[in-house]
Amino acid sequence: MNHWHALPGDGVLDAVGSTPEGLSDASARARLRTHGPNLLEATPPASAWGILLSQFRSVVVLLLLSATFLAALFGEIPEAVAIAAVLVLNAGIGFGVELRARRAMEALLSYTVPWATALRDGETCRVPAAELVPGDVILVAAGESVPADARVLEAWDLRTSEAALTGEFAPVGKLVDPVPRETVLAERRSMLFTGTSVASGQGKAVVVATGSGTELGGIGKLVQSVEDEETPLEERLDVLGRRLVWLTLGVAAVVGGVGFLQGLPPREMVETALALAIAAVPEGLPAVATIALAVGLRRMARRNALIRRLAAVEALGSTTVICADKTGTLTSGEMTVTRVAGIGWEVQVSGAGYDPVGSFSKDGVALSSGELDPFDALLHTAAISGDATVDAEGRLLRGDPTDAALLILARKAGLDPGRLLEGSQVVERVPFSSVRPLTACVVESSLGGASHVKGAPAEILGRCTLVLSPSGPEPLDRDTGGKLDELNQAMAREGLRVIALAQGRDVGGDPLSGLTFLGFAGITDPPAAGVRDTVGKLQQAGIRTVMITGDQAATASAIARDLDMLGGESQVVEGRALGNLDDEGLQRLVGTAAAFSRASPRDKLDIVDALQKRGEVVAMLGDGVNDAPALKKANVGVAMGHRGTDAAKETADVVLQDDRFPTIAAAVEEGRVIFDNIRKFVFYLFSCNVAEVLVLLLAGLAALPLPLLPLQILWLNLVTDTFPALALAMEPGEEGVMTRPPRDPKAGIMSGPFIRALFAFAGLITAVSLGAFLWGLRTLDPQRATTVAFMTLALAQLFHLGNARSHGPVLAPRRALANRWAVAAVPLVLLLQLLAVYAPPLQRILGTVPLRAAEWAVIVPAAILPAVVGQGWRWIRQRKG
């Protein structure tokens, strides 16, 4: 049964077989054996071995493992050791970065309460919360955590903080009376929920669900049911890897067939096939991809985005939709008075949150205290009526967020409760209750008594006989009351939480009757600093922001309007409407919805799923336990670092250290830069590898000697190519990276133009390398000719780095020097290449000989030619532009 909130208290007691005095101890023990302990089930943690093995699941890595095995099988031990070393390096980097606690359900265990106060055998006693069972009657008080889901039986000023469960920070007043069965979770005021805490008052309730049967346990089940989504990069690299497998097999088959027809010895055929297989596989790709993502991780950390899963770095750059919780994500998470109004007057209030910096304006003109009597009286009551404490740094230390908002309103006018009460004595503070939804502070001084009252508009207006207007006190007659009702409703339609304030004088009798109405305070959780600009920046980048909140529709609409999220077909949808839609209808709806109100954890999960089925790459921002399932389902889950619950942070891929929405835009920008850089080094590595394959393949088809030895190719792939590729991972972003639309999620890393450019440059490098080799064969001995080909190919690939760095030319000094890592890679690789031909140990391993000046005169011009052609072509294209 999940509609306990709709049943009367005595009906719930009958249904669970209990009484107002609770269960007997014997009955509780019997039920404990039936229902089990009141504990949440934890997901088995990912083992270190499991994380390590996951580093070897990519097709490219499996291909390299196969190459290692074949090299060892045919006695090519140095090649096998070198490739194995690359695999170990790649796995070590990935393992070191991703070794973290991916244990979302264990974080939920932090909400388990160790002890509870219950009635057993009619006596009040402390029992381990794990031993609570349905039917137990529990007692809760301010400052305590709720140990189980329970139906309220009695309430005295009982309010609970349910932010972790619903995402909304305002305390919820609890009632004894049932609420309609269709009431959404955030409005079930007759219920208490595990994982929430008592903000004020005390209450008595009967337990109706424990452990995994609670609302919190249900969220845990949702988290467990969601499978990890592959990021776009993981998918693209997997596709690329599969293509490499077929390319390698095809090349080996061609070479084997040609060798067989030419009658080559088996040993030579094996050596040639192995050389081609090594050439076809960019051995440095997994390591470079991992390091590039790690570089992105470091860059994002500098911008306050901590990455918990490497592939999420690039996935952020692929994002097409950002789903964000409202409270504390798009908004400041701090209640703020933005509008104050009464009969014949209205004041706008600037500033946000608990910072007492702000100003007042009336009809667009600045207003100071002392210029409007009703406003001044309202400020006085706002300062005194509450009981909140906010420190100098804007932190709410004690009290209700509504009281804090009114206190800050008064402080903006320079009022301080302590100074206002000098010479007066607080004789009574009247607490909020479900029967009397107001609070009051009654004071006495030498001038007489006074009461400062605030609360629900209908409650306050019903106790007022006068209204203070700019011209003075006036009777609160039916006509005036109607105007105030209309003003209240208009403010509520704007998404404001409306609080009425009043004063009483000469309070010898009832301090809460015969009051003078002062005005309404419109309170909201305003958009956080920078959010509006960020939403606009994301829209410019082709990324849609969708708000998902547990708050009411009017509030969601108001915030969406403030953030310019509404327009065209955009709409605000209530969560309860989602249950009436099939998959196709839901997918159509999420295509136009700007915001979802009263959304449950299941709704959030369904929204993310529907967006993904539309082909969107979804980033989900949240901070509560209720966000955990959607965070896990999204392509990129993003949690708040300070305010976020442990459950949200452990489920997320990214944690924002500063809790600011603008940080996600910075992370998206970095993600786009990282993907651009991945494309750059894939372009570089593959054009180099294709050139190596073409050199070997064309030489084999022409019945020429082997122009490159297997270890020389491995040297090129692991040393000469890898350092420039790593430098490309550090390349700064191109201009306009956040003004172009997101990439098509279905598009691969290699597009048609990408492949054509790759083969064009590979052809140039092949031509100069084979040309130098043929020159060497005519004028030099075979070993020296091979060394000439080896050096020409190596330098041509190195100078090709400039072609890979940008779509445009990198001839201008400022552009050429923008990446100091690329600048440093050139002399480093040159030094390594010189060692390869002049250092005796490397000469023996690589089969090279020292080069002479005449040979350098051929090598250097040939190696520079592809770079000159590439930069010249791009310069001409830019000029035509």
# chains A, B, ... in the order shown; residues from 1 in each chain; ligands from 1
call {"tool": "select_by_dssp", "arguments": {"residues": "range 683-728 of chain A", "states": "alpha helix (DSSP H)", "output": "PyMOL selection string"}}
result
chain A and resi 683-701+710-715+722-728
call {"tool": "residues_around", "arguments": {"residues": "range 782-797 of chain A", "least_positions_apart": "4", "cutoff": "7 Å", "atoms": "only C-alpha atoms", "output": "compact mmCIF listing (two decimals) with N, CA, C and O atoms, in the first residue's frame"}}
result
# COMPACT_ATOMS: atom_id res chain seq x y z
N CYS A 688 49.64 9.22 -40.00
CA CYS A 688 50.98 8.64 -39.92
C CYS A 688 50.95 7.13 -40.13
O CYS A 688 51.78 6.56 -40.85
N PRO A 707 61.06 -1.62 -46.81
CA PRO A 707 61.65 -0.29 -46.55
C PRO A 707 61.76 0.04 -45.06
O PRO A 707 62.52 0.93 -44.69
N LEU A 708 61.00 -0.63 -44.21
CA LEU A 708 61.01 -0.37 -42.77
C LEU A 708 60.97 -1.70 -42.03
O LEU A 708 60.21 -2.61 -42.40
N LEU A 716 58.57 4.35 -34.47
CA LEU A 716 57.80 5.48 -34.99
C LEU A 716 56.47 5.63 -34.25
O LEU A 716 56.08 6.74 -33.86
N THR A 720 58.17 8.48 -31.98
CA THR A 720 58.08 9.62 -32.88
C THR A 720 56.66 10.17 -32.97
O THR A 720 56.46 11.38 -33.00
N ILE A 765 52.99 12.02 -47.39
CA ILE A 765 54.07 11.45 -46.58
C ILE A 765 54.59 10.17 -47.22
O ILE A 765 55.80 9.89 -47.24
N SER A 769 58.48 9.56 -48.64
CA SER A 769 59.23 8.48 -47.98
C SER A 769 59.66 7.43 -48.98
O SER A 769 60.82 6.97 -48.97
N LEU A 770 58.74 7.02 -49.87
CA LEU A 770 59.10 6.04 -50.89
C LEU A 770 60.10 6.63 -51.88
O LEU A 770 61.01 5.94 -52.37
N ALA A 772 62.42 8.87 -51.22
CA ALA A 772 63.73 8.83 -50.58
C ALA A 772 64.28 7.41 -50.54
O ALA A 772 65.49 7.18 -50.74
N PHE A 773 63.40 6.42 -50.34
CA PHE A 773 63.84 5.02 -50.29
C PHE A 773 64.34 4.56 -51.66
O PHE A 773 65.39 3.89 -51.76
N GLY A 776 67.65 5.92 -52.28
CA GLY A 776 68.64 5.18 -51.52
C GLY A 776 68.98 3.85 -52.14
O GLY A 776 70.15 3.42 -52.15
N LEU A 777 67.96 3.17 -52.67
CA LEU A 777 68.22 1.87 -53.30
C LEU A 777 69.12 2.02 -54.53
O LEU A 777 69.93 1.12 -54.83
N LEU A 801 52.87 17.68 -37.82
CA LEU A 801 52.20 18.13 -36.59
C LEU A 801 51.47 19.46 -36.81
O LEU A 801 50.36 19.66 -36.31
N THR A 848 69.72 0.48 -37.79
CA THR A 848 70.03 1.71 -38.53
C THR A 848 71.53 1.89 -38.65
O THR A 848 72.33 1.21 -37.98
N VAL A 849 71.93 2.85 -39.49
CA VAL A 849 73.34 3.21 -39.66
C VAL A 849 73.44 4.73 -39.59
O VAL A 849 72.46 5.44 -39.87
N ILE A 859 66.89 13.90 -47.27
CA ILE A 859 65.87 13.63 -46.24
C ILE A 859 65.11 14.89 -45.84
O ILE A 859 63.87 14.92 -45.81
N ALA A 862 62.67 16.52 -48.44
CA ALA A 862 61.55 15.60 -48.65
C ALA A 862 60.60 15.60 -47.46
O ALA A 862 59.36 15.61 -47.62
N ALA A 863 61.15 15.61 -46.23
CA ALA A 863 60.32 15.54 -45.03
C ALA A 863 59.51 16.81 -44.81
O ALA A 863 58.38 16.78 -44.29
N ILE A 864 60.07 17.96 -45.23
CA ILE A 864 59.38 19.24 -45.03
C ILE A 864 58.25 19.43 -46.03
O ILE A 864 57.27 20.13 -45.75
N PRO A 866 55.49 17.77 -47.21
CA PRO A 866 54.07 17.64 -46.84
C PRO A 866 53.59 18.78 -45.94
O PRO A 866 52.45 19.25 -46.10
call {"tool": "select_by_dssp", "arguments": {"residues": "range 415-530 of chain A", "states": "strand (DSSP E or B)", "output": "count of residues only"}}
result
53
call {"tool": "residues_around", "arguments": {"residues": "His35 in chain A", "least_positions_apart": "3", "cutoff": "9 Å", "atoms": "only C-alpha atoms", "output": "ChimeraX atom specification"}}
result
/A:30-32,38,133-134,210-211
call {"tool": "write_last_selection", "arguments": {"atoms": "all heavy atoms", "output": "compact mmCIF listing (two decimals), in the first residue's frame"}}
result
# COMPACT_ATOMS: atom_id res chain seq x y z
N ALA A 30 8.39 -10.27 16.66
CA ALA A 30 7.84 -11.17 15.65
C ALA A 30 7.80 -10.48 14.27
O ALA A 30 8.12 -11.09 13.25
CB ALA A 30 6.44 -11.61 16.06
N ARG A 31 7.41 -9.22 14.26
CA ARG A 31 7.35 -8.50 12.99
C ARG A 31 8.75 -8.28 12.41
O ARG A 31 8.93 -8.25 11.18
CB ARG A 31 6.64 -7.16 13.18
CG ARG A 31 5.17 -7.31 13.55
CD ARG A 31 4.45 -5.98 13.55
NE ARG A 31 3.06 -6.13 14.00
CZ ARG A 31 2.08 -5.26 13.75
NH1 ARG A 31 2.34 -4.18 13.05
NH2 ARG A 31 0.86 -5.46 14.21
N LEU A 32 9.73 -8.11 13.27
CA LEU A 32 11.09 -7.92 12.80
C LEU A 32 11.57 -9.16 12.04
O LEU A 32 12.26 -9.05 11.02
CB LEU A 32 12.02 -7.62 13.98
CG LEU A 32 13.48 -7.33 13.63
CD1 LEU A 32 13.59 -6.09 12.74
CD2 LEU A 32 14.30 -7.14 14.90
N ASN A 38 15.31 -2.63 9.55
CA ASN A 38 15.03 -1.34 8.90
C ASN A 38 16.33 -0.76 8.37
O ASN A 38 16.85 0.23 8.88
CB ASN A 38 14.37 -0.40 9.93
CG ASN A 38 14.09 0.97 9.36
OD1 ASN A 38 13.83 1.11 8.17
ND2 ASN A 38 14.15 1.99 10.21
N VAL A 133 9.65 -1.59 13.10
CA VAL A 133 8.82 -2.41 12.20
C VAL A 133 7.52 -1.67 11.91
O VAL A 133 7.14 -0.75 12.65
CB VAL A 133 8.50 -3.78 12.84
CG1 VAL A 133 9.75 -4.61 13.00
CG2 VAL A 133 7.77 -3.60 14.16
N PRO A 134 6.85 -2.00 10.80
CA PRO A 134 5.54 -1.41 10.55
C PRO A 134 4.61 -1.64 11.74
O PRO A 134 4.51 -2.76 12.24
CB PRO A 134 5.06 -2.14 9.30
CG PRO A 134 6.32 -2.53 8.59
CD PRO A 134 7.28 -2.88 9.68
N THR A 210 9.50 0.29 6.22
CA THR A 210 10.88 0.30 6.70
C THR A 210 11.81 -0.19 5.60
O THR A 210 11.38 -0.80 4.61
CB THR A 210 11.04 -0.62 7.93
OG1 THR A 210 10.65 -1.96 7.56
CG2 THR A 210 10.21 -0.14 9.09
N GLY A 211 13.12 0.07 5.76
CA GLY A 211 14.13 -0.45 4.85
C GLY A 211 13.88 -0.11 3.40
O GLY A 211 13.58 1.03 3.04
call {"tool": "residues_around", "arguments": {"residues": "Pro475 in chain A", "least_positions_apart": "3", "cutoff": "8 Å", "atoms": "only C-alpha atoms", "output": "ChimeraX atom specification"}}
result
/A:465-467
call {"tool": "write_last_selection", "arguments": {"atoms": "N, CA, C and O atoms", "output": "compact mmCIF listing (two decimals), in the first residue's frame"}}
result
# COMPACT_ATOMS: atom_id res chain seq x y z
N THR A 465 -8.54 43.96 11.62
CA THR A 465 -9.69 44.87 11.54
C THR A 465 -9.33 46.16 10.83
O THR A 465 -10.21 46.90 10.38
N LEU A 466 -8.03 46.44 10.75
CA LEU A 466 -7.55 47.65 10.09
C LEU A 466 -6.48 47.28 9.06
O LEU A 466 -5.88 46.22 9.13
N VAL A 467 -6.25 48.20 8.12
CA VAL A 467 -5.17 48.06 7.15
C VAL A 467 -4.44 49.39 7.10
O VAL A 467 -5.05 50.45 7.07
call {"tool": "residues_around", "arguments": {"residues": "Ala405 in chain A", "least_positions_apart": "6", "cutoff": "9 Å", "atoms": "only C-alpha atoms", "output": "ChimeraX atom specification"}}
result
/A:334-337,353-354,382,523
call {"tool": "atom_distance", "arguments": {"atom1": "CA of Val179 in chain A", "atom2": "CA of Gly455 in chain A"}}
result
21.5 Å
call {"tool": "atom_distance", "arguments": {"atom1": "CA of Phe681 in chain A", "atom2": "CA of Leu728 in chain A"}}
result
5.9 Å
call {"tool": "closest_residue", "arguments": {"among": "A:Leu832, A:Leu811, A:Ala630, A:Ala727", "to": "Leu222 in chain A", "atoms": "only C-alpha atoms"}}
result
A:Ala630
call {"tool": "closest_residue", "arguments": {"among": "A:Val426, A:Ala366, A:Val251, A:Ala502", "to": "Val690 in chain A", "atoms": "only C-alpha atoms"}}
result
A:Val251
call {"tool": "residues_around", "arguments": {"residues": "Arg120 in chain A", "least_positions_apart": "6", "cutoff": "8 Å", "atoms": "only C-alpha atoms", "output": "list in words"}}
result
Glu21, Gly22, Leu23, Ser24, Asp25, Asp136 and Val137 of chain A
call {"tool": "closest_residue", "arguments": {"among": "A:Leu851, A:Leu185, A:Ala729, A:Ala652", "to": "Arg679 in chain A", "atoms": "only C-alpha atoms"}}
result
A:Ala729
call {"tool": "closest_residue", "arguments": {"among": "A:Met547, A:Ala599, A:Ala867, A:Leu563", "to": "Ala577 in chain A", "atoms": "only C-alpha atoms"}}
result
A:Ala599
call {"tool": "closest_residue", "arguments": {"among": "A:Leu293, A:Arg299, A:Gly351, A:Ser600", "to": "Glu187 in chain A", "atoms": "only C-alpha atoms"}}
result
A:Ser600
